[in-house]
$ cat entry_28.cif   # mmCIF, C-alpha atoms
data_structure
loop_
_atom_site.group_PDB
_atom_site.id
_atom_site.type_symbol
_atom_site.label_atom_id
_atom_site.label_comp_id
_atom_site.auth_asym_id
_atom_site.auth_seq_id
_atom_site.Cartn_x
_atom_site.Cartn_y
_atom_site.Cartn_z
ATOM 1 C CA MET W 1018 0.000 0.000 0.000
ATOM 2 C CA LYS W 1019 1.327 3.448 -0.904
ATOM 3 C CA TRP W 1020 1.578 6.215 1.680
ATOM 4 C CA CYS W 1021 1.976 9.990 1.562
ATOM 5 C CA GLY W 1022 2.057 12.038 4.736
ATOM 6 C CA LYS W 1023 3.965 14.253 7.088
ATOM 7 C CA ILE W 1024 6.803 13.388 9.398
ATOM 8 C CA GLY W 1025 7.335 15.704 12.360
ATOM 9 C CA PHE W 1026 10.883 16.601 13.380
ATOM 10 C CA ARG W 1027 11.569 18.102 16.826
ATOM 11 C CA GLU W 1028 14.055 20.952 16.428
ATOM 12 C CA THR W 1029 15.529 23.562 18.736
ATOM 13 C CA LEU W 1030 15.577 26.760 16.712
ATOM 14 C CA GLU W 1031 18.089 29.566 17.159
ATOM 15 C CA ILE W 1032 16.224 32.827 17.911
ATOM 16 C CA GLU W 1033 19.314 35.031 17.812
ATOM 17 C CA PRO W 1034 22.972 34.118 17.529
ATOM 18 C CA GLY W 1035 23.737 32.051 20.620
ATOM 19 C CA ILE W 1036 20.143 32.158 21.939
ATOM 20 C CA TRP W 1037 18.124 29.003 21.499
ATOM 21 C CA GLY W 1038 14.369 28.720 21.959
ATOM 22 C CA ASP W 1039 12.088 25.876 22.929
ATOM 23 C CA ASP W 1040 11.692 22.787 20.770
ATOM 24 C CA GLU W 1041 9.420 23.255 17.779
ATOM 25 C CA ILE W 1042 8.008 20.726 15.344
ATOM 26 C CA VAL W 1043 8.977 21.041 11.687
ATOM 27 C CA GLU W 1044 6.823 18.927 9.354
ATOM 28 C CA LYS W 1045 8.069 17.542 6.050
ATOM 29 C CA THR W 1046 6.040 15.600 3.484
ATOM 30 C CA TYR W 1047 7.289 12.169 2.438
ATOM 31 C CA TYR W 1048 6.134 9.378 0.154
ATOM 32 C CA GLY W 1049 6.606 5.698 0.803
ATOM 33 C CA ASP W 1050 5.128 2.258 1.233
ATOM 34 C CA VAL W 1051 3.282 0.715 4.171
ATOM 35 C CA MET W 1052 5.190 -2.505 4.802
ATOM 36 C CA GLN W 1053 3.214 -3.914 7.736
ATOM 37 C CA VAL W 1054 -0.155 -3.063 9.287
ATOM 38 C CA SER W 1055 -1.115 -4.218 12.769
ATOM 39 C CA ARG W 1056 -2.828 -2.805 15.831
ATOM 40 C CA ARG W 1057 -3.563 -3.832 19.385
ATOM 41 C CA ASN W 1058 -5.312 -2.467 22.444
ATOM 42 C CA GLN W 1059 -3.031 -1.765 25.373
ATOM 43 C CA MET W 1060 -4.708 -2.122 28.745
ATOM 44 C CA THR W 1061 -4.288 0.914 30.998
ATOM 45 C CA ASP W 1062 -5.799 2.357 34.158
ATOM 46 C CA ASN W 1063 -7.925 4.634 31.967
ATOM 47 C CA VAL W 1064 -11.571 3.884 31.162
ATOM 48 C CA ASN W 1065 -10.682 3.061 27.556
ATOM 49 C CA ASP W 1066 -7.685 1.042 26.396
ATOM 50 C CA ASP W 1067 -4.981 2.812 24.383
ATOM 51 C CA ILE W 1068 -4.560 1.826 20.738
ATOM 52 C CA VAL W 1069 -1.022 0.911 19.721
ATOM 53 C CA ILE W 1070 -0.056 0.196 16.140
ATOM 54 C CA SER W 1071 3.074 -1.520 14.918
ATOM 55 C CA ASN W 1072 2.897 -0.350 11.333
ATOM 56 C CA GLN W 1073 6.082 -0.047 9.341
ATOM 57 C CA ILE W 1074 6.442 2.660 6.724
ATOM 58 C CA SER W 1075 9.351 2.656 4.292
ATOM 59 C CA ILE W 1076 10.371 6.035 2.843
ATOM 60 C CA ILE W 1077 13.114 7.051 0.472
ATOM 61 C CA SER W 1078 15.524 9.038 2.581
ATOM 62 C CA ASP W 1079 16.747 12.499 1.699
ATOM 63 C CA PRO W 1080 19.586 14.604 3.173
ATOM 64 C CA TYR W 1081 17.225 16.295 5.654
ATOM 65 C CA ALA W 1082 15.935 12.968 7.018
ATOM 66 C CA ASN W 1083 19.475 11.552 7.163
ATOM 67 C CA ASN W 1084 20.773 14.559 9.125
ATOM 68 C CA ASN W 1085 17.791 14.667 11.492
ATOM 69 C CA LEU W 1086 17.129 10.987 12.151
ATOM 70 C CA THR W 1087 17.274 11.419 15.918
ATOM 71 C CA SER W 1088 14.822 14.333 15.765
ATOM 72 C CA MET W 1089 11.981 12.377 14.126
ATOM 73 C CA ALA W 1090 9.030 12.537 16.529
ATOM 74 C CA TYR W 1091 5.944 11.292 14.698
ATOM 75 C CA VAL W 1092 4.392 10.132 11.435
ATOM 76 C CA GLU W 1093 0.948 11.154 10.275
ATOM 77 C CA PHE W 1094 -0.929 8.001 9.243
ATOM 78 C CA MET W 1095 -4.658 7.752 8.482
ATOM 79 C CA GLY W 1096 -5.331 11.208 9.935
ATOM 80 C CA THR W 1097 -3.565 10.591 13.274
ATOM 81 C CA LYS W 1098 -0.063 11.378 14.504
ATOM 82 C CA TRP W 1099 1.766 8.244 15.739
ATOM 83 C CA LYS W 1100 4.992 8.099 17.778
ATOM 84 C CA ILE W 1101 8.045 6.689 16.052
ATOM 85 C CA THR W 1102 9.406 3.760 18.048
ATOM 86 C CA ASN W 1103 12.159 2.542 15.715
ATOM 87 C CA ILE W 1104 14.003 3.622 12.569
ATOM 88 C CA ALA W 1105 15.950 1.057 10.540
ATOM 89 C CA VAL W 1106 18.421 2.553 8.071
ATOM 90 C CA GLN W 1107 18.445 0.515 4.859
ATOM 91 C CA MET W 1108 19.920 3.000 2.400
ATOM 92 C CA PRO W 1109 18.470 4.548 0.361
ATOM 93 C CA ARG W 1110 15.375 3.849 2.484
ATOM 94 C CA LEU W 1111 14.362 4.355 6.097
ATOM 95 C CA VAL W 1112 11.948 1.838 7.618
ATOM 96 C CA ILE W 1113 9.982 3.564 10.372
ATOM 97 C CA THR W 1114 8.030 1.582 13.000
ATOM 98 C CA LEU W 1115 5.089 3.344 14.641
ATOM 99 C CA GLY W 1116 3.722 2.920 18.159
ATOM 100 C CA GLY W 1117 1.100 4.742 20.232
ATOM 101 C CA LYS W 1118 -0.596 8.046 19.539
ATOM 102 C CA TYR W 1119 1.643 11.110 19.620
ATOM 103 C CA ASN W 1120 0.477 13.658 22.180
ATOM 104 C CA GLY W 1121 2.901 16.460 21.424
#

$ encode --input "entry_28.cif" --output "structure tokens"
Amino acid sequence: MKWCGKIGFRETLEIEPGIWGDDEIVEKTYYGDVMQVSRRNQMTDNVNDDIVISNQISIISDPYANNNLTSMAYVEFMGTKWKITNIAVQMPRLVITLGGKYNG
């Protein structure tokens, strides 16, 4: 299955030379393939269980993604932002595994 969506990168932006602000999210659009689709309910103390997915999305990497691998925070998939739990580097592709919902 093909995928197109946004990946959020957490960046600390420089406000003035030598002065750094709070982390901000920079979104970039990527295209790729959904390699695996699975979901499960995770039991919690809340009234409703949390939904956790273990989907894998494979994207073609670019210089920005390569340089900011550790800053990747979430992937937008089916209208929801999901936390990134793992990134496997398989040049020229990145295989991204998703987890629970991203809550900013």

$ resolve_selection --input "entry_28.cif" --expression "the PyMOL selection byres ((chain W and resi 1120) around 9)" --output "list in words"
Lys1098, Trp1099, Lys1100, Lys1118, Tyr1119 and Gly1121 of chain W

$ atom_distance --input "entry_28.cif" --atom1 "CA of Ile1042 (chain W)" --atom2 "CA of Lys1023 (chain W)"
11.2 Å

$ closest_residue --input "entry_28.cif" --among "W:Trp1020, W:Val1051, W:Leu1030, W:Ile1113" --to "Ala1090 (chain W)" --atoms "only C-alpha atoms"
W:Ile1113

$ closest_residue --input "entry_28.cif" --among "W:Asn1085, W:Thr1114, W:Asn1103, W:Thr1097" --to "Ser1071 (chain W)" --atoms "all atoms listed in the file"
W:Thr1114

$ closest_residue --input "entry_28.cif" --among "W:Cys1021, W:Ile1076, W:Val1043, W:Val1069" --to "Met1095 (chain W)" --atoms "all atoms listed in the file"
W:Cys1021

$ atom_distance --input "entry_28.cif" --atom1 "CA of Tyr1091 (chain W)" --atom2 "CA of Lys1045 (chain W)"
10.9 Å

$ closest_residue --input "entry_28.cif" --among "W:Pro1109, W:Gly1049, W:Glu1041, W:Phe1026" --to "Asp1079 (chain W)" --atoms "only C-alpha atoms"
W:Pro1109

$ atom_distance --input "entry_28.cif" --atom1 "CA of Val1112 (chain W)" --atom2 "CA of Gly1096 (chain W)"
19.8 Å

$ resolve_selection --input "entry_28.cif" --expression "the PyMOL selection byres ((chain W and resi 1039) around 12)" --output "JSON, numbers by chain"
{"W": [1027, 1028, 1029, 1030, 1031, 1032, 1036, 1037, 1038, 1040, 1041, 1042]}

$ resolve_selection --input "entry_28.cif" --expression "the PyMOL selection byres ((chain W and resi 1047) around 6)" --output "list in words"
Cys1021, Gly1022, Thr1046 and Tyr1048 of chain W

$ write_last_selection --input "entry_28.cif" --atoms "C-alpha atoms" --output "compact mmCIF listing (two decimals), keeping the file's coordinate frame"
# COMPACT_ATOMS: atom_id res chain seq x y z
CA CYS W 1021 1.98 9.99 1.56
CA GLY W 1022 2.06 12.04 4.74
CA THR W 1046 6.04 15.60 3.48
CA TYR W 1048 6.13 9.38 0.15
